[in-house]
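See structure below.
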Amino acid sequence: MTGSSSAEPRQTEAMFSAPIAGTRVGTTTIVAGLVLPQGVLRVVGWPEVGPAWTTDALQDVGWTPDADLHVDPAGDGVALVWRGNLAGKPARTAVVLGPKGERRGDAVSVGGSFCATGSGFAWVDPPAHGPAHVRARSWADVAPHEVATVPSDRAASVLCGDHDVFLLGDGDDDLTSTTFTPEDTKAPPPVVVIRDTDFGDDDEREHHVYTAGDTLGLVRVSGSGAVALRDVSRGTVSPWRRLKHRIGQDDDVVATDGDSVATVVVFTHDVEDICDGGSTAESLRALRVDRATGQDAVVSLAQPDCRKGRGPFWVATPPAGPLVAWVERATNASGGGAPIDALLFGGVSADAGSAGRAELAADALAQVGCDETCWIAALVRATDTDGSQPEAIVVRSYP
């Protein structure tokens, strides 16, 4: 494994099993995955200039049916969060690595919600009883510190921007937000950012959150399908922006994200009575909202196809404009075939490029992020194998 130019695919040796994860930090591409025979989480980095590096971030790990792995930029390094067995017990553990894979501090047990900024990370420790405790640690800290508590009648979570952490408290009738940085010793009081009474009798069906830079984006979908958007930045809450398009009662929102230009809400719609055997197929559309003008439009991305299963879905944000990407699976694949057939993507604005398809035969796929282009990591199945052997992680660009 050697360094290469950013336009070239990268590939590890065949040693990994699912789950896998990846990210980009500056001009370095980083992937991680489970090396099952050795019981380690292994991380591989490809700088654009210089040799590749490999390190084992966690030892004594074991696979579980709900095992999960995330890798996020952490300053000039990365933060890994592993959910699975550790030393024979279920755990959710974070570990931070430097730009060449060197360990930065001890591994930390984290709760159900975790995120990283450019200067540190934060997480929620939900106790069995009483308030949830929110802790943070900057990259310079040797130990975490508590920054806030959230009452037990609210579901607490954290979401990170480039520098700020947004602590969300989801209550029965409203949503609160508190903004702090990992260096802060105490978070400011929360502000209410969604209040049901602001919408009369049109009760909330669901809400979704995302970050763009250091702005928190809120998307509220009501029971009638009406969609409203607002931003939160350093405690300042913008007015609600109500859209002309609606999300149908039978539509499912599957991804929400955005950047400084647009907010994108991706949703599917099940179509019945077109497939043999009573199964359903789904169409895929996206609602794009221009952040400058407030204009919104619905874009059709894929028609129903009885032969294909779709998901997960995500919004990628290259410089040319947001793309919606998703995984495609064959619903009638043979028992020994790889579950993932292809990566598909489609633009949601006139200048974002046409739809595309990248053929794959993979057992897992992970987003790596976008810079000049966008990247995915795939756990690729070799020809004439059944998926029980260790496999290579291949990183490739799209569109």
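Quick note on naming: the chains in the structure tokens go A, B, ... in the order shown, residues restart at 1 in each chain, and ligands are numbered from 1 in order of appearance.
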
Quick one: residues within 9 Å of His208 of chain A, only C-alpha atoms counted, chain neighbours fewer than 5 positions away excluded, as a list in words?
Gly217, Leu218, Val219, Arg220, Val221, Ala255, Thr256 and Asp257 of chain A

Output N, CA and C atoms for every residue in that selection, as an mmCIF file, in the first residue's frame.
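Wrote selection32.cif, looks like this:
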data_model
loop_
_atom_site.group_PDB
_atom_site.id
_atom_site.type_symbol
_atom_site.label_atom_id
_atom_site.label_comp_id
_atom_site.auth_asym_id
_atom_site.auth_seq_id
_atom_site.Cartn_x
_atom_site.Cartn_y
_atom_site.Cartn_z
ATOM 1 N N GLY A 217 -28.994 23.270 10.841
ATOM 2 C CA GLY A 217 -30.191 23.338 10.020
ATOM 3 C C GLY A 217 -31.284 22.454 10.584
ATOM 4 N N LEU A 218 -32.497 22.986 10.664
ATOM 5 C CA LEU A 218 -33.658 22.251 11.163
ATOM 6 C C LEU A 218 -34.677 22.099 10.046
ATOM 7 N N VAL A 219 -35.213 20.898 9.907
ATOM 8 C CA VAL A 219 -36.265 20.617 8.931
ATOM 9 C C VAL A 219 -37.425 19.987 9.682
ATOM 10 N N ARG A 220 -38.569 20.661 9.710
ATOM 11 C CA ARG A 220 -39.766 20.150 10.389
ATOM 12 C C ARG A 220 -40.796 19.739 9.355
ATOM 13 N N VAL A 221 -41.300 18.515 9.486
ATOM 14 C CA VAL A 221 -42.377 18.015 8.623
ATOM 15 C C VAL A 221 -43.600 17.805 9.505
ATOM 16 N N ALA A 255 -33.178 10.890 4.122
ATOM 17 C CA ALA A 255 -31.919 11.620 4.313
ATOM 18 C C ALA A 255 -32.218 13.109 4.259
ATOM 19 N N THR A 256 -31.489 13.864 5.069
ATOM 20 C CA THR A 256 -31.576 15.321 5.070
ATOM 21 C C THR A 256 -30.183 15.877 5.314
ATOM 22 N N ASP A 257 -29.783 16.831 4.483
ATOM 23 C CA ASP A 257 -28.469 17.448 4.652
ATOM 24 C C ASP A 257 -28.452 18.731 3.849
#

What parts of segment 41-88 of chain A does DSSP call strand (DSSP E or B)? I'd like the answer as a VMD selection string.
chain A and resid 41 to 46 53 to 59 61 to 62 68 to 74 77 to 86

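We find atom CA of Glu204 of chain A and atom CA of Asp153 of chain A to be spaced 18.4 Å apart.
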
Which one is closest to Asp184 of chain A: A:Thr197, A:Ser260, A:Ser283, A:Ser138? Count only C-alpha atoms.
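For Asp184 of chain A, the nearest of the given residues is A:Ser138.
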
Could you tell me, as a list in words, which residues of segment 190-237 of chain A DSSP assigns to helix (DSSP H, G or I) when given the backbone?
Asp196, Thr197, Asp198 and Phe199 of chain A

Output the selection as a PDB file, in the first residue's frame - N, CA and C atoms for each residue.
ATOM      1  N   ASP A 196     -44.019  23.319  19.213  1.00  0.00           N
ATOM      2  CA  ASP A 196     -45.222  22.854  18.525  1.00  0.00           C
ATOM      3  C   ASP A 196     -46.285  23.933  18.425  1.00  0.00           C
ATOM      4  N   THR A 197     -46.384  24.784  19.443  1.00  0.00           N
ATOM      5  CA  THR A 197     -47.437  25.802  19.432  1.00  0.00           C
ATOM      6  C   THR A 197     -47.246  26.835  18.332  1.00  0.00           C
ATOM      7  N   ASP A 198     -46.050  26.901  17.732  1.00  0.00           N
ATOM      8  CA  ASP A 198     -45.834  27.834  16.622  1.00  0.00           C
ATOM      9  C   ASP A 198     -46.568  27.410  15.355  1.00  0.00           C
ATOM     10  N   PHE A 199     -47.099  26.177  15.351  1.00  0.00           N
ATOM     11  CA  PHE A 199     -47.707  25.654  14.130  1.00  0.00           C
ATOM     12  C   PHE A 199     -49.183  25.309  14.329  1.00  0.00           C
TER      13      PHE A 199
END

Residues within 6 Å of segment 361-370 of chain A, please, as a list in words. Count only C-alpha atoms; anything in the same chain fewer than 5 positions from it doesn't count.
Ala21, Gly22, Thr23, Pro318, Ala338, Pro339, Ile340, Asp341, Trp375, Ile376, Ala377, Ala378, Leu379, Val380 and Arg381 of chain A

Near Pro322 of chain A, counting only C-alpha atoms, which residues have an atom at most 9 Å away, once you skip same-chain residues fewer than 6 positions from it, shown as a ChimeraX atom specification?
/A:258-259,261-264,315-316,346-349,352

Long-range neighbours of Gly33 of chain A as a list in words, 10 Å cut-off, only C-alpha atoms, 2 positions minimum in chain:
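After dropping sequence-adjacent residues, the list is Met15, Phe16, Ser17, Ala18, Pro19, Ile20, Ala21, Gly22, Val31, Val35, Leu36, Val40, Leu41, Arg42, Val43, Val44, Asp56, Asp68, Leu69, His70, Val71, Trp82, Leu379, Ala392 and Ile393 of chain A.
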
Can you list, as a ChimeraX atom specification, every protein, DNA or RNA residue that comes within 12 Å of Arg103 of chain A when you count only C-alpha atoms, leaving out same-chain residues fewer than 4 positions away?
/A:43,55-58,77-80,94-99,107,139

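Coordinates place atom CA of Gly39 of chain A at a distance of 9.3 Å from atom CA of Leu86 of chain A.
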
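Every protein, DNA or RNA residue with an atom at most 12 Å from Ser300 of chain A, where only C-alpha atoms count and chain neighbours fewer than 3 positions away do not, is listed here: A:Val266, A:Phe267, A:Thr268, A:His269, A:Glu282, A:Ser283, A:Leu284, A:Arg285, A:Ala286, A:Leu287, A:Arg288, A:Ala297, A:Gln303, A:Pro304, A:Val324, A:Phe345, A:Gly346, A:Gly347, A:Val348, A:Ser349, A:Ala355.
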
Residues from last step as file, N, CA and C atoms, as a CSV table (one decimal), in the first residue's frame:
chain,number,residue,atom,x,y,z
A,266,VAL,N,-34.5,14.1,1.1
A,266,VAL,CA,-34.6,13.0,0.3
A,266,VAL,C,-35.8,12.1,0.8
A,267,PHE,N,-36.7,11.7,-0.1
A,267,PHE,CA,-37.8,10.8,0.4
A,267,PHE,C,-38.2,9.8,-0.6
A,268,THR,N,-38.7,8.7,-0.1
A,268,THR,CA,-39.2,7.6,-1.0
A,268,THR,C,-40.7,7.5,-0.9
A,269,HIS,N,-41.2,6.8,-1.9
A,269,HIS,CA,-42.7,6.5,-1.9
A,269,HIS,C,-42.9,5.1,-2.4
A,282,GLU,N,-40.2,1.3,-4.8
A,282,GLU,CA,-40.3,2.6,-4.3
A,282,GLU,C,-39.6,3.6,-5.3
A,283,SER,N,-40.3,4.8,-5.5
A,283,SER,CA,-39.7,5.9,-6.2
A,283,SER,C,-38.8,6.7,-5.2
A,284,LEU,N,-37.9,7.5,-5.8
A,284,LEU,CA,-37.0,8.3,-5.0
A,284,LEU,C,-37.0,9.7,-5.5
A,285,ARG,N,-37.2,10.6,-4.6
A,285,ARG,CA,-37.3,12.1,-5.0
A,285,ARG,C,-36.5,12.9,-4.0
A,286,ALA,N,-36.2,14.1,-4.3
A,286,ALA,CA,-35.5,15.0,-3.4
A,286,ALA,C,-36.2,16.4,-3.5
A,287,LEU,N,-36.3,17.0,-2.3
A,287,LEU,CA,-36.8,18.4,-2.3
A,287,LEU,C,-35.6,19.3,-2.0
A,288,ARG,N,-35.3,20.1,-3.0
A,288,ARG,CA,-34.1,21.0,-2.9
A,288,ARG,C,-34.6,22.4,-2.6
A,297,ALA,N,-37.9,23.1,-5.0
A,297,ALA,CA,-38.4,22.3,-6.1
A,297,ALA,C,-38.1,20.8,-5.8
A,303,GLN,N,-37.1,5.9,-10.5
A,303,GLN,CA,-38.5,5.3,-10.7
A,303,GLN,C,-38.5,4.0,-9.9
A,304,PRO,N,-39.7,3.5,-9.6
A,304,PRO,CA,-39.9,2.2,-9.0
A,304,PRO,C,-39.3,1.1,-9.8
A,324,VAL,N,-27.5,13.4,-4.5
A,324,VAL,CA,-28.1,12.4,-3.6
A,324,VAL,C,-27.4,11.0,-4.1
A,345,PHE,N,-26.1,7.8,-8.1
A,345,PHE,CA,-26.1,9.2,-7.6
A,345,PHE,C,-26.8,10.0,-8.6
A,346,GLY,N,-27.4,11.1,-8.2
A,346,GLY,CA,-28.1,12.0,-9.1
A,346,GLY,C,-28.0,13.4,-8.5
A,347,GLY,N,-27.8,14.4,-9.4
A,347,GLY,CA,-27.8,15.8,-9.0
A,347,GLY,C,-29.1,16.4,-8.7
A,348,VAL,N,-29.2,17.4,-7.8
A,348,VAL,CA,-30.5,18.0,-7.5
A,348,VAL,C,-30.6,19.4,-8.0
A,349,SER,N,-29.6,19.9,-8.8
A,349,SER,CA,-29.6,21.2,-9.4
A,349,SER,C,-29.1,21.1,-10.8
A,355,ALA,N,-27.1,12.1,-13.6
A,355,ALA,CA,-27.1,10.9,-12.8
A,355,ALA,C,-26.0,9.9,-13.2

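The shortest atom-to-atom distance to Asp296 of chain A, with only C-alpha atoms taken into account, belongs to A:Leu229 out of A:Leu159, A:Leu229, A:Ala330, A:Val271.
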
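If you look at atom CA of Asp141 of chain A and atom CA of Thr117 of chain A, they are 14.1 Å away from each other.
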
Measuring between only C-alpha atoms, which one of A:Lys100, A:Lys89, A:Arg329, A:Arg291 shows the shortest distance to Arg310 of chain A?
A:Arg329
